[in-house]
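Enquirer: Supplied structure: structure.cif, mmCIF, C-alpha atoms and all ligand atoms.
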data_final
#
loop_
_atom_site.label_atom_id
_atom_site.label_comp_id
_atom_site.auth_asym_id
_atom_site.auth_seq_id
_atom_site.Cartn_x
_atom_site.Cartn_y
_atom_site.Cartn_z
CA MET A 29 90.19 140.06 69.13
CA ARG A 30 90.82 142.26 66.09
CA GLU A 31 89.84 142.29 62.43
CA LEU A 32 92.88 142.40 60.13
CA ALA A 33 93.27 142.37 56.36
CA VAL A 34 94.37 138.89 55.31
CA GLN A 35 97.76 140.25 54.15
CA ASP A 36 98.35 141.75 57.62
CA ALA A 37 97.30 138.63 59.55
CA VAL A 38 100.53 136.64 59.06
CA GLY A 39 101.91 135.51 62.44
CA HIS A 40 98.61 136.06 64.23
CA VAL A 41 96.19 133.50 65.68
CA LEU A 42 92.84 132.79 64.04
CA CYS A 43 89.90 133.22 66.42
CA HIS A 44 87.51 130.99 64.49
CA ASP A 45 87.37 128.10 62.02
CA MET A 46 87.51 128.99 58.32
CA THR A 47 85.24 126.80 56.26
CA GLN A 48 86.23 126.03 52.69
CA ILE A 49 83.81 124.57 50.15
CA ILE A 50 85.11 123.36 46.79
CA PRO A 51 82.01 121.98 45.06
CA GLY A 52 82.17 118.20 44.67
CA LYS A 53 85.59 118.03 46.29
CA PHE A 54 85.88 119.44 49.80
CA LYS A 55 83.79 120.92 52.55
CA GLY A 56 85.24 121.48 55.97
CA ALA A 57 87.43 123.63 58.14
CA ARG A 58 90.37 124.66 55.95
CA PHE A 59 91.90 126.50 58.89
CA ARG A 60 91.05 125.84 62.50
CA LYS A 61 90.63 128.20 65.39
CA GLY A 62 94.07 128.62 66.94
CA HIS A 63 95.92 128.31 63.62
CA VAL A 64 98.80 130.78 63.24
CA VAL A 65 98.51 132.39 59.78
CA THR A 66 101.55 131.73 57.54
CA PRO A 67 102.62 133.66 54.41
CA GLU A 68 101.47 130.66 52.28
CA ASP A 69 97.97 130.89 53.80
CA VAL A 70 97.37 134.37 52.39
CA ASP A 71 96.61 133.22 48.82
CA VAL A 72 94.45 130.35 50.10
CA LEU A 73 92.40 132.71 52.27
CA LEU A 74 92.04 135.17 49.37
CA SER A 75 90.96 132.31 47.08
CA MET A 76 88.31 131.40 49.69
CA GLY A 77 86.94 134.92 49.26
CA LYS A 78 88.26 136.20 52.57
CA ARG A 79 89.47 139.78 52.61
CA SER A 80 89.83 140.01 56.38
CA VAL A 81 90.03 137.65 59.37
CA TYR A 82 89.52 137.91 63.12
CA VAL A 83 92.73 137.26 65.04
CA TRP A 84 94.34 137.48 68.43
CA GLU A 85 97.33 139.70 67.81
CA MET A 86 100.46 138.04 69.17
CA GLN A 87 102.10 140.51 71.50
CA PRO A 88 105.43 139.98 73.26
CA GLY A 89 104.81 138.06 76.50
CA MET A 90 101.80 136.21 75.08
CA LEU A 91 101.76 132.47 74.34
CA HIS A 92 99.75 130.53 71.78
CA GLU A 93 97.63 127.77 73.38
CA ASN A 94 99.92 125.05 71.95
CA ASP A 95 103.03 126.64 73.47
CA ALA A 96 101.17 127.17 76.74
CA ALA A 97 100.18 123.47 76.75
CA LEU A 98 103.87 122.61 76.34
CA ARG A 99 104.63 124.71 79.42
CA LEU A 100 102.00 122.78 81.41
CA CYS A 101 103.38 119.52 80.04
CA ALA A 102 106.85 120.42 81.31
CA LEU A 103 105.27 120.95 84.73
CA ALA A 104 103.27 117.70 84.76
CA GLU A 105 105.30 115.10 82.86
CA GLY A 106 107.53 113.10 85.19
CA PRO A 107 109.39 109.78 84.91
CA GLY A 108 107.31 107.02 83.32
CA CYS A 109 105.02 109.49 81.50
CA THR A 110 105.09 110.34 77.81
CA HIS A 111 103.09 112.39 75.29
CA LYS A 112 102.56 112.46 71.53
CA PRO A 113 104.63 115.11 69.68
CA ASP A 114 101.61 116.60 67.87
CA ILE A 115 99.45 118.93 69.93
CA LYS A 116 95.78 118.88 68.95
CA GLU A 117 93.80 122.09 69.48
CA GLY A 118 95.88 123.23 72.40
CA LYS A 119 95.58 119.99 74.39
CA ILE A 120 98.32 117.57 75.49
CA GLU A 121 97.63 114.13 76.93
CA LEU A 122 100.08 112.11 79.02
CA THR A 123 100.18 108.33 78.75
CA ALA A 124 102.08 105.71 80.74
CA ALA A 125 105.45 104.71 79.26
CA HIS A 126 105.42 101.49 81.30
CA ASP A 127 103.40 99.61 83.92
CA GLY A 128 103.52 101.00 87.44
CA CYS A 129 101.87 102.98 90.20
CA PHE A 130 100.63 106.36 88.96
CA THR A 131 101.38 109.07 91.50
CA VAL A 132 100.24 112.69 91.61
CA ARG A 133 101.56 115.56 93.74
CA SER A 134 97.96 116.22 94.81
CA GLU A 135 98.52 119.52 96.60
CA ALA A 136 100.65 120.85 93.75
CA LEU A 137 97.93 119.82 91.28
CA LEU A 138 95.35 121.71 93.34
CA ALA A 139 97.60 124.76 93.45
CA VAL A 140 98.11 124.72 89.66
CA ASN A 141 94.40 124.35 88.98
CA ARG A 142 93.64 127.28 91.28
CA VAL A 143 95.51 129.53 88.81
CA PRO A 144 92.78 130.92 86.51
CA GLN A 145 92.81 129.88 82.84
CA VAL A 146 95.02 126.80 83.18
CA MET A 147 93.88 123.23 83.77
CA VAL A 148 95.44 119.83 84.39
CA ALA A 149 93.14 116.81 84.84
CA THR A 150 94.54 113.44 85.92
CA ARG A 151 93.26 109.98 86.68
CA LYS A 152 93.16 109.14 90.40
CA GLY A 153 96.63 108.90 91.87
CA ASN A 154 98.11 105.89 93.67
CA THR A 155 96.45 103.53 91.22
CA ALA A 156 97.92 100.85 88.99
CA VAL A 157 98.41 101.69 85.32
CA ARG A 158 99.58 99.71 82.31
CA ALA A 159 101.85 100.95 79.51
CA GLY A 160 99.82 103.15 77.16
CA ASP A 161 97.11 104.03 79.71
CA LYS A 162 95.87 107.61 79.63
CA LEU A 163 97.15 109.53 82.69
CA ALA A 164 96.42 113.24 82.35
CA GLY A 165 95.23 115.96 80.00
CA MET A 166 96.09 119.64 80.10
CA ARG A 167 95.44 122.90 78.27
CA VAL A 168 94.86 126.60 78.81
CA ILE A 169 91.38 128.06 78.44
CA PRO A 170 91.96 131.02 76.04
CA LEU A 171 93.58 130.83 72.59
CA VAL A 172 96.36 133.15 73.63
CA ILE A 173 97.53 133.57 77.22
CA ASP A 174 99.82 135.82 79.15
CA GLU A 175 103.13 134.02 79.77
CA ALA A 176 103.02 135.33 83.33
CA THR A 177 100.05 133.02 84.01
CA LEU A 178 102.22 130.01 83.20
CA ASP A 179 104.96 131.41 85.44
CA GLU A 180 102.31 131.64 88.16
CA ALA A 181 101.38 127.97 87.63
CA ASP A 182 105.06 126.96 87.90
CA ALA A 183 105.44 128.98 91.10
CA ALA A 184 102.23 127.50 92.59
CA ALA A 185 103.53 123.96 92.02
CA ALA A 186 106.97 124.82 93.42
CA ALA A 187 105.43 126.26 96.61
CA ALA A 188 103.32 123.11 97.26
CA PRO A 189 104.70 120.24 99.37
CA GLY A 190 107.07 117.86 97.60
CA SER A 191 109.12 118.53 94.52
CA GLY A 192 109.43 117.52 90.88
CA PRO A 193 106.77 117.05 88.22
CA LEU A 194 103.08 116.61 89.06
CA CYS A 195 102.79 113.11 87.61
CA GLU A 196 104.95 109.99 87.70
CA VAL A 197 104.63 106.28 86.99
CA VAL A 198 106.74 104.36 89.52
CA PRO A 199 107.57 100.90 88.13
CA PHE A 200 106.51 97.84 90.10
CA CYS A 201 109.71 96.53 91.69
CA LEU A 202 108.76 93.94 94.34
CA ARG A 203 109.14 90.33 93.16
CA ARG A 204 109.14 87.86 96.07
CA VAL A 205 106.54 87.48 98.82
CA GLY A 206 106.51 85.25 101.88
CA ILE A 207 102.99 84.44 103.08
CA VAL A 208 102.24 83.47 106.69
CA THR A 209 98.74 81.98 106.87
CA THR A 210 97.56 81.96 110.49
CA GLY A 211 94.72 80.00 112.05
CA SER A 212 94.88 76.65 113.85
CA GLU A 213 91.80 75.48 111.93
CA VAL A 214 93.79 75.97 108.72
CA ALA A 215 97.09 74.55 110.07
CA GLY A 216 95.23 71.49 111.39
CA GLY A 217 93.50 70.86 108.06
CA LEU A 218 89.99 71.44 109.48
CA VAL A 219 89.46 74.30 107.06
CA GLU A 220 90.99 74.34 103.60
CA ASP A 221 93.25 77.36 103.04
CA SER A 222 91.22 79.59 100.74
CA PHE A 223 93.00 82.84 101.77
CA THR A 224 96.47 82.21 100.32
CA PRO A 225 95.27 81.62 96.72
CA VAL A 226 93.38 84.94 96.77
CA VAL A 227 96.46 86.85 97.94
CA GLN A 228 98.73 84.99 95.52
CA ALA A 229 96.50 85.90 92.56
CA LYS A 230 96.32 89.57 93.57
CA LEU A 231 100.09 89.79 93.99
CA ALA A 232 100.78 87.88 90.77
CA ALA A 233 99.00 90.66 88.86
CA PHE A 234 101.87 92.91 89.99
CA GLY A 235 104.60 90.39 89.13
CA ILE A 236 105.09 89.24 92.75
CA GLU A 237 105.56 85.51 93.27
CA MET A 238 105.12 83.54 96.50
CA VAL A 239 108.52 81.98 97.35
CA ALA A 240 107.86 80.98 100.97
CA HIS A 241 104.69 79.85 102.75
CA GLU A 242 104.11 79.01 106.42
CA LEU A 243 101.01 77.84 108.31
CA PRO A 244 101.90 78.37 111.99
CA GLY A 245 98.46 78.20 113.63
CA ASP A 246 97.43 80.86 116.18
CA ASP A 247 100.20 80.82 118.76
CA MET A 248 102.09 84.11 119.04
CA GLU A 249 105.57 82.54 119.21
CA ASP A 250 104.81 80.18 116.33
CA ILE A 251 103.69 83.11 114.16
CA VAL A 252 106.82 85.12 115.06
CA ALA A 253 109.02 82.11 114.14
CA ALA A 254 107.12 81.60 110.87
CA ILE A 255 107.63 85.25 109.91
CA GLY A 256 111.35 84.81 110.65
CA ARG A 257 111.54 81.79 108.34
CA VAL A 258 109.85 83.51 105.38
CA ARG A 259 112.13 86.49 105.84
CA GLU A 260 115.17 84.20 105.73
CA ALA A 261 113.96 83.01 102.33
CA GLY A 262 114.96 86.45 101.01
CA VAL A 263 111.56 88.01 100.37
CA ASP A 264 110.90 91.67 99.59
CA LEU A 265 107.36 91.56 101.05
CA VAL A 266 105.83 89.69 104.00
CA VAL A 267 102.07 89.10 104.13
CA CYS A 268 100.27 87.59 107.13
CA THR A 269 96.65 86.50 106.73
CA GLY A 270 93.94 86.08 109.38
CA GLY A 271 93.96 86.60 113.12
CA MET A 272 93.68 90.35 112.73
CA SER A 273 90.64 91.19 114.86
CA VAL A 274 89.68 91.01 118.51
CA ASP A 275 89.21 87.34 119.34
CA PRO A 276 91.53 86.13 122.11
CA ASP A 277 93.44 84.01 119.58
CA ASP A 278 93.93 86.91 117.12
CA ASN A 279 97.66 87.34 117.65
CA THR A 280 98.83 88.46 114.24
CA PRO A 281 99.32 92.22 114.83
CA GLY A 282 101.28 91.51 118.02
CA ALA A 283 103.35 88.80 116.34
CA ILE A 284 104.26 91.08 113.43
CA GLN A 285 105.57 93.68 115.89
CA ARG A 286 107.39 91.02 117.94
CA SER A 287 109.08 89.91 114.70
CA GLY A 288 110.81 93.30 114.58
CA ALA A 289 108.56 95.38 112.32
CA GLU A 290 107.87 99.00 113.05
CA MET A 291 104.13 99.63 112.89
CA VAL A 292 102.79 102.28 110.51
CA THR A 293 99.17 101.47 111.22
CA TYR A 294 96.91 98.86 112.75
CA GLY A 295 93.54 99.94 111.45
CA ALA A 296 92.45 101.77 108.30
CA PRO A 297 89.36 103.91 107.50
CA VAL A 298 88.30 101.47 104.80
CA LEU A 299 85.49 98.91 104.69
CA PRO A 300 86.18 96.13 103.92
CA GLY A 301 89.62 96.29 105.45
CA ALA A 302 89.38 98.13 108.77
CA MET A 303 91.70 95.62 110.48
CA LEU A 304 94.68 96.15 108.15
CA PHE A 305 98.21 96.21 109.60
CA VAL A 306 101.07 97.91 107.76
CA GLY A 307 104.65 97.93 108.99
CA TYR A 308 108.26 97.95 107.84
CA TYR A 309 111.38 96.13 108.94
CA ALA A 310 114.59 98.07 109.46
CA ASP A 311 115.85 96.96 106.02
CA GLY A 312 112.77 98.56 104.41
CA THR A 313 110.87 95.32 103.73
CA PRO A 314 107.13 95.97 104.06
CA VAL A 315 104.85 93.67 106.06
CA LEU A 316 101.06 93.54 105.73
CA GLY A 317 98.56 91.93 108.08
CA LEU A 318 95.42 91.15 106.09
CA PRO A 319 92.05 90.70 107.81
CA GLY A 320 89.65 87.92 106.89
CA CYS A 321 87.55 90.14 104.61
CA VAL A 322 90.34 90.16 101.99
CA MET A 323 89.59 86.48 101.45
CA PHE A 324 85.92 86.87 100.60
CA ALA A 325 85.28 90.44 99.40
CA LYS A 326 86.13 91.21 95.76
CA ALA A 327 87.69 94.64 96.45
CA THR A 328 89.24 95.60 99.79
CA ILE A 329 91.94 97.71 101.38
CA LEU A 330 94.49 95.30 99.83
CA ASP A 331 93.53 96.47 96.34
CA LEU A 332 93.93 100.10 97.42
CA VAL A 333 97.43 99.78 98.93
CA LEU A 334 98.88 97.14 96.61
CA PRO A 335 99.85 99.44 93.69
CA ARG A 336 101.98 101.55 96.05
CA ILE A 337 103.39 98.57 97.95
CA ALA A 338 104.31 96.79 94.68
CA ALA A 339 106.09 99.94 93.47
CA GLY A 340 108.16 100.08 96.66
CA ILE A 341 106.53 103.33 97.79
CA ARG A 342 106.75 103.60 101.57
CA LEU A 343 103.34 104.17 103.17
CA THR A 344 102.80 106.53 106.07
CA ARG A 345 99.96 106.70 108.56
CA GLY A 346 98.86 109.85 106.70
CA ASP A 347 98.59 107.85 103.46
CA ILE A 348 96.35 105.33 105.20
CA VAL A 349 94.02 107.84 106.86
CA ALA A 350 93.58 109.61 103.51
CA TYR A 351 91.69 106.56 102.25
CA GLY A 352 88.71 107.44 104.49
CA GLU A 353 86.87 109.56 101.91
CA GLY A 354 85.86 107.00 99.28
CA GLY A 355 86.97 104.15 101.53
CA LEU A 356 83.48 102.67 101.83
CA CYS A 357 82.78 99.86 99.36
CA LEU A 358 79.15 100.19 98.24
CA GLY A 359 78.76 96.42 97.91
CA CYS A 360 77.14 96.52 94.47
CA GLU A 361 75.42 93.33 93.30
CA GLU A 362 77.87 93.12 90.42
CA CYS A 363 81.36 94.38 91.33
CA HIS A 364 83.00 96.61 88.71
CA TYR A 365 86.11 97.53 90.73
CA PRO A 366 88.32 99.38 89.79
CA ILE A 367 85.70 101.20 87.66
CA CYS A 368 83.79 102.38 90.74
CA PRO A 369 84.01 104.99 93.52
CA PHE A 370 85.78 102.68 96.01
CA GLY A 371 89.08 104.25 97.01
CA LYS A 372 88.57 107.28 94.75
N1 LIG B 401 83.80 90.43 117.69
C1 LIG B 401 84.31 90.90 116.56
N2 LIG B 401 84.31 90.14 115.48
C2 LIG B 401 84.82 90.60 114.33
C3 LIG B 401 85.35 91.88 114.26
C4 LIG B 401 85.38 92.65 115.42
O1 LIG B 401 85.87 93.77 115.44
N3 LIG B 401 84.82 92.12 116.56
N4 LIG B 401 85.84 92.35 113.09
C5 LIG B 401 85.37 91.73 111.87
C6 LIG B 401 86.19 92.14 110.77
S1 LIG B 401 86.09 93.74 110.24
C7 LIG B 401 86.95 91.24 110.10
S2 LIG B 401 87.72 91.66 108.67
C8 LIG B 401 87.19 89.91 110.60
C9 LIG B 401 88.69 89.81 110.85
O2 LIG B 401 88.99 88.59 110.70
P1 LIG B 401 90.39 88.04 111.13
O3 LIG B 401 91.44 88.58 110.25
O4 LIG B 401 90.58 88.16 112.58
O5 LIG B 401 90.15 86.59 110.65
P2 LIG B 401 90.05 85.26 111.51
O6 LIG B 401 89.31 85.48 112.76
O7 LIG B 401 91.39 84.70 111.57
O8 LIG B 401 89.17 84.40 110.55
C10 LIG B 401 87.86 84.76 110.19
C11 LIG B 401 87.23 83.58 109.45
O9 LIG B 401 87.94 83.26 108.31
C12 LIG B 401 88.42 81.93 108.36
N5 LIG B 401 89.80 81.87 107.83
C13 LIG B 401 90.85 82.55 108.30
N6 LIG B 401 91.94 82.25 107.56
C14 LIG B 401 91.54 81.38 106.64
C15 LIG B 401 92.19 80.68 105.59
N7 LIG B 401 93.51 80.85 105.33
N8 LIG B 401 91.48 79.85 104.79
C16 LIG B 401 90.17 79.68 105.03
N9 LIG B 401 89.48 80.28 106.01
C17 LIG B 401 90.16 81.11 106.80
C18 LIG B 401 88.42 81.56 109.80
O10 LIG B 401 88.32 80.17 109.95
C19 LIG B 401 87.21 82.30 110.30
O11 LIG B 401 86.03 81.56 109.97
O12 LIG B 401 86.58 89.70 111.80
C20 LIG B 401 85.29 90.26 111.96
N10 LIG B 401 84.79 89.82 113.21
O1 LIG B 402 88.78 94.63 108.78
MO1 LIG B 402 87.25 94.09 108.32
O2 LIG B 402 88.32 93.84 107.13
O3 LIG B 402 86.70 95.76 108.28
O4 LIG B 402 86.18 93.97 107.04
#
Could you show the structure in this file as structure tokens?
Expert:
Amino acid sequence: MRELAVQDAVGHVLCHDMTQIIPGKFKGARFRKGHVVTPEDVDVLLSMGKRSVYVWEMQPGMLHENDAALRLCALAEGPGCTHKPDIKEGKIELTAAHDGCFTVRSEALLAVNRVPQVMVATRKGNTAVRAGDKLAGMRVIPLVIDEATLDEADAAAAAAPGSGPLCEVVPFCLRRVGIVTTGSEVAGGLVEDSFTPVVQAKLAAFGIEMVAHELPGDDMEDIVAAIGRVREAGVDLVVCTGGMSVDPDDNTPGAIQRSGAEMVTYGAPVLPGAMLFVGYYADGTPVLGLPGCVMFAKATILDLVLPRIAAGIRLTRGDIVAYGEGGLCLGCEECHYPICPFGK
């Protein structure tokens, strides 16, 4: 920081707000911290009684906070993200350009934030967002920063696993689901099917419509055949409900594999939802096996994986195990999901 005569301050960055008071007319910050002094400002500053100001002198290789924020924005803003053209006090916010699953290159984000004097904060990744939702905010800490620090942030992101920008909104692309509701008590009409409507409603929120529905009972071969029939209906997602645990008649995980799906996981570190099955057919169609808890608990593993599934993002076993931290629903008396720690 340096004190300069007002006439010499043109092109330099103000270190503090400049309050102007015109009796009866105006009282407030006439110039804000971070403002770059222009030739036109000189007379205004002199008329405010200022003879000198405190500035950061702009040296070659230094960036103003607004330009530094633009560098961070270039690093963070991927497809489906947008930002307002005006930068306020060195900060840029990303918002969603359309509905979709918000994804973050988590390790790259960590690496960028480890670089001193830069910061990027995002909402939790792998969650559903709507057009206009706030996604991320970023800025540098000082008013003026060495350009090399931004180069360091770029290099940190590039060295982390994956590639491309830190943030992206992947549009929801799945449209047609086939639901296979297992259970002989349901097939026989002893118990009214209260599982399918729950799944239908959750999928409808992502624009996925049920176009085929089968109630095969509990027999392994019958379930395999039912899965085959819903697949023939031309679905881009198969969901099987019930029969996911350890009773002798719980055949769903085995039937899903017999139907030709490659298993990603049977089991997830999430409660409710430990008995989840995730797999994929050779053509890329995902198949989920949903345990009974999805029917009665408000928020479950289904809510955690659905944004990614609906966006056509292929899940790995690593993705599933990563749900463990935060994967315990606290069972609050009044459920506020998704505004709660579950899955975060
Ligand atoms: N001995 C054990 N019991 C349970 C375990 C376990 O590990 N050992 N795990 C528990 C967990 S966790 C869950 S979750 C459920 C898993 O349930 P399933 O997916 O196997 O569900 P079902 O046995 O098929 O059914 C449970 C219950 O829900 C009724 N049901 C099933 N489908 C429908 C439907 N479409 N509409 C209405 N009702 C339905 C069914 O009649 C049963 O009453 O298991 C725990 N138990
Ligand atoms: O699989 Mo159960 O779904 O843990 O609650």
Enquirer: Identify which of the residues A:Val219, A:Leu103, A:Phe200, A:Glu362 lies closest to Ala186 (chain A), counting all atoms listed in the file when measuring atom-to-atom distances.
Expert: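 With all atoms listed in the file as the atom set, the closest residue is A:Leu103.
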Enquirer: Once you count all atoms listed in the file, which residues end up within 7 Å of ligand LIG 402 (chain B), and could you hand them over as a list of chain:residue names?
Expert: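 For ligand LIG 402 (chain B), the residues inside 7 Å are A:Val298, A:Leu299, A:Pro300, A:Gly301, A:Ala302, A:Met303, A:Leu304, A:Pro319, A:Gly320, A:Cys321, A:Val322.
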Enquirer: Put those residues in a file: C-alpha atoms, as a JSON list (two decimals), keeping the file's coordinate frame.
Expert:
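Below is the file that was written, selection18.json:
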[["chain", "number", "residue", "atom", "x", "y", "z"],
["A", 298, "VAL", "CA", 88.30, 101.47, 104.80],
["A", 299, "LEU", "CA", 85.49, 98.91, 104.69],
["A", 300, "PRO", "CA", 86.18, 96.13, 103.92],
["A", 301, "GLY", "CA", 89.62, 96.29, 105.45],
["A", 302, "ALA", "CA", 89.38, 98.13, 108.77],
["A", 303, "MET", "CA", 91.70, 95.62, 110.48],
["A", 304, "LEU", "CA", 94.68, 96.15, 108.15],
["A", 319, "PRO", "CA", 92.05, 90.70, 107.81],
["A", 320, "GLY", "CA", 89.65, 87.92, 106.89],
["A", 321, "CYS", "CA", 87.55, 90.14, 104.61],
["A", 322, "VAL", "CA", 90.34, 90.16, 101.99]]
Enquirer: Write out as a VMD selection string each polymer residue (protein, DNA or RNA) that has an atom no more than 9 Å from ligand LIG 401 (chain B), with only C-alpha atoms and all ligand atoms counted.
Expert: chain A and resid 209 to 215 218 to 225 243 246 269 to 275 277 to 280 299 to 304 317 to 324
Enquirer: Kindly give the distance, in Å, that separates CA of Ala136 (chain A) and CA of Val148 (chain A), rounded to a single decimal.
Expert: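 Interatomic distance, CA of Ala136 (chain A) to CA of Val148 (chain A): 10.8 Å.
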Enquirer: Ranking A:Pro107, A:Gly245, A:Gly190, A:Gly256 by minimum distance to Ser134 (chain A) and counting only C-alpha atoms, which one comes first?
Expert: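 Of A:Pro107, A:Gly245, A:Gly190, A:Gly256, the one nearest Ser134 (chain A) is A:Gly190, counting only C-alpha atoms.
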Enquirer: Identify which of the residues A:Cys360, A:Glu31, A:Gly307, A:Met147 lies closest to Arg79 (chain A), counting all atoms listed in the file when measuring atom-to-atom distances.
Expert: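 Answer, going by the shortest atom-to-atom distance: A:Glu31.
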Enquirer: Taking only C-alpha atoms into account, which of A:Ala283, A:Val143, A:Leu332, A:Leu91 comes nearest Ala350 (chain A)?
Expert: A:Leu332
Enquirer: Given all atoms listed in the file as the basis, pick out the residue of A:Val198, A:Val306, A:Leu178, A:Val132 nearest to Ile284 (chain A).
Expert: A:Val306
Enquirer: Which region 226-287 of chain A residues have any atom within 12 Å of an atom of region 334-337 of chain A, and for each, what is the nearest pair of atoms with distance in Å to one decimal, counting only C-alpha atoms, rows sorted by chain and number, as a tab-separated table?
Expert:
residue	atom	partner	partner_atom	distance
A:Val227	CA	A:Leu334	CA	10.7
A:Lys230	CA	A:Leu334	CA	8.5
A:Leu231	CA	A:Leu334	CA	7.9
A:Ala232	CA	A:Leu334	CA	11.1
A:Ala233	CA	A:Pro335	CA	10.1
A:Phe234	CA	A:Pro335	CA	7.8
A:Gly235	CA	A:Pro335	CA	11.2
A:Ile236	CA	A:Leu334	CA	10.8
A:Asp264	CA	A:Ile337	CA	10.3
A:Leu265	CA	A:Ile337	CA	8.6
A:Val266	CA	A:Ile337	CA	11.0
A:Val267	CA	A:Ile337	CA	11.4
Enquirer: Rank A:Ala296, A:Leu137, A:Val41, A:Ala339 by their smallest atom-to-atom distance to Val157 (chain A), using all atoms listed in the file, and report the top residue only.
Expert: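 Result for the nearest residue to Val157 (chain A): A:Ala339.
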Enquirer: Which distance in Å separates CA of Pro113 (chain A) and CA of Lys162 (chain A), to one decimal?
Expert: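 Rounded to one decimal, the two atoms are 15.2 Å apart.
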Enquirer: Can you tell me how far CA of Met166 (chain A) sits from CA of Gln87 (chain A), in Å to one decimal?
Expert: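 Atom-to-atom, CA of Met166 (chain A) to CA of Gln87 (chain A), that is 23.4 Å.
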Enquirer: Place a sphere of radius 12 Å on (101.4, 118.3, 97.9) in the file coordinates and name every protein, DNA or RNA residue with an atom inside or on its surface, counting all atoms listed in the file; give the answer as a ChimeraX atom specification.
Expert: /A:131-140,184-195
Enquirer: Compute the distance from (112.4, 98.7, 103.1) to each atom, counting only C-alpha atoms, keep the residues with any atom at most 12 Å away, and return them as a PDB file with C-alpha atoms, in the frame of the given file; use the coordinates of the file.
Expert:
ATOM      1  CA  CYS A 201     109.710  96.530  91.690  1.00  0.00           C
ATOM      2  CA  LEU A 202     108.760  93.940  94.340  1.00  0.00           C
ATOM      3  CA  VAL A 263     111.560  88.010 100.370  1.00  0.00           C
ATOM      4  CA  ASP A 264     110.900  91.670  99.590  1.00  0.00           C
ATOM      5  CA  LEU A 265     107.360  91.560 101.050  1.00  0.00           C
ATOM      6  CA  VAL A 266     105.830  89.690 104.000  1.00  0.00           C
ATOM      7  CA  ALA A 289     108.560  95.380 112.320  1.00  0.00           C
ATOM      8  CA  GLU A 290     107.870  99.000 113.050  1.00  0.00           C
ATOM      9  CA  GLY A 307     104.650  97.930 108.990  1.00  0.00           C
ATOM     10  CA  TYR A 308     108.260  97.950 107.840  1.00  0.00           C
ATOM     11  CA  TYR A 309     111.380  96.130 108.940  1.00  0.00           C
ATOM     12  CA  ALA A 310     114.590  98.070 109.460  1.00  0.00           C
ATOM     13  CA  ASP A 311     115.850  96.960 106.020  1.00  0.00           C
ATOM     14  CA  GLY A 312     112.770  98.560 104.410  1.00  0.00           C
ATOM     15  CA  THR A 313     110.870  95.320 103.730  1.00  0.00           C
ATOM     16  CA  PRO A 314     107.130  95.970 104.060  1.00  0.00           C
ATOM     17  CA  VAL A 315     104.850  93.670 106.060  1.00  0.00           C
ATOM     18  CA  ILE A 337     103.390  98.570  97.950  1.00  0.00           C
ATOM     19  CA  ALA A 338     104.310  96.790  94.680  1.00  0.00           C
ATOM     20  CA  ALA A 339     106.090  99.940  93.470  1.00  0.00           C
ATOM     21  CA  GLY A 340     108.160 100.080  96.660  1.00  0.00           C
ATOM     22  CA  ILE A 341     106.530 103.330  97.790  1.00  0.00           C
ATOM     23  CA  ARG A 342     106.750 103.600 101.570  1.00  0.00           C
ATOM     24  CA  LEU A 343     103.340 104.170 103.170  1.00  0.00           C
TER      25      LEU A 343
END
Enquirer: Find the smallest box with edges along x, y and z containing every listed atom of region 118-129 of chain A, then add 5 Å on each side and report centre and edge lengths in Å to one decimal, as JSON.
Expert:
{"center_x": 100.5, "center_y": 111.4, "center_z": 81.3, "size_x": 19.9, "size_y": 33.6, "size_z": 27.8}
Enquirer: Determine, using all atoms listed in the file, which residues of region 114-217 of chain A have any atom at most 9 Å from an atom of region 59-74 of chain A, and tabulate each with its shortest atom pair and distance in Å to one decimal place, rows ordered by chain and then rising number, as a tab-separated table.
Expert:
residue	atom	partner	partner_atom	distance
A:Glu117	CA	A:Gly62	CA	7.0
A:Gly118	CA	A:Gly62	CA	7.9
A:Leu171	CA	A:Gly62	CA	6.1
A:Val172	CA	A:Gly62	CA	8.4
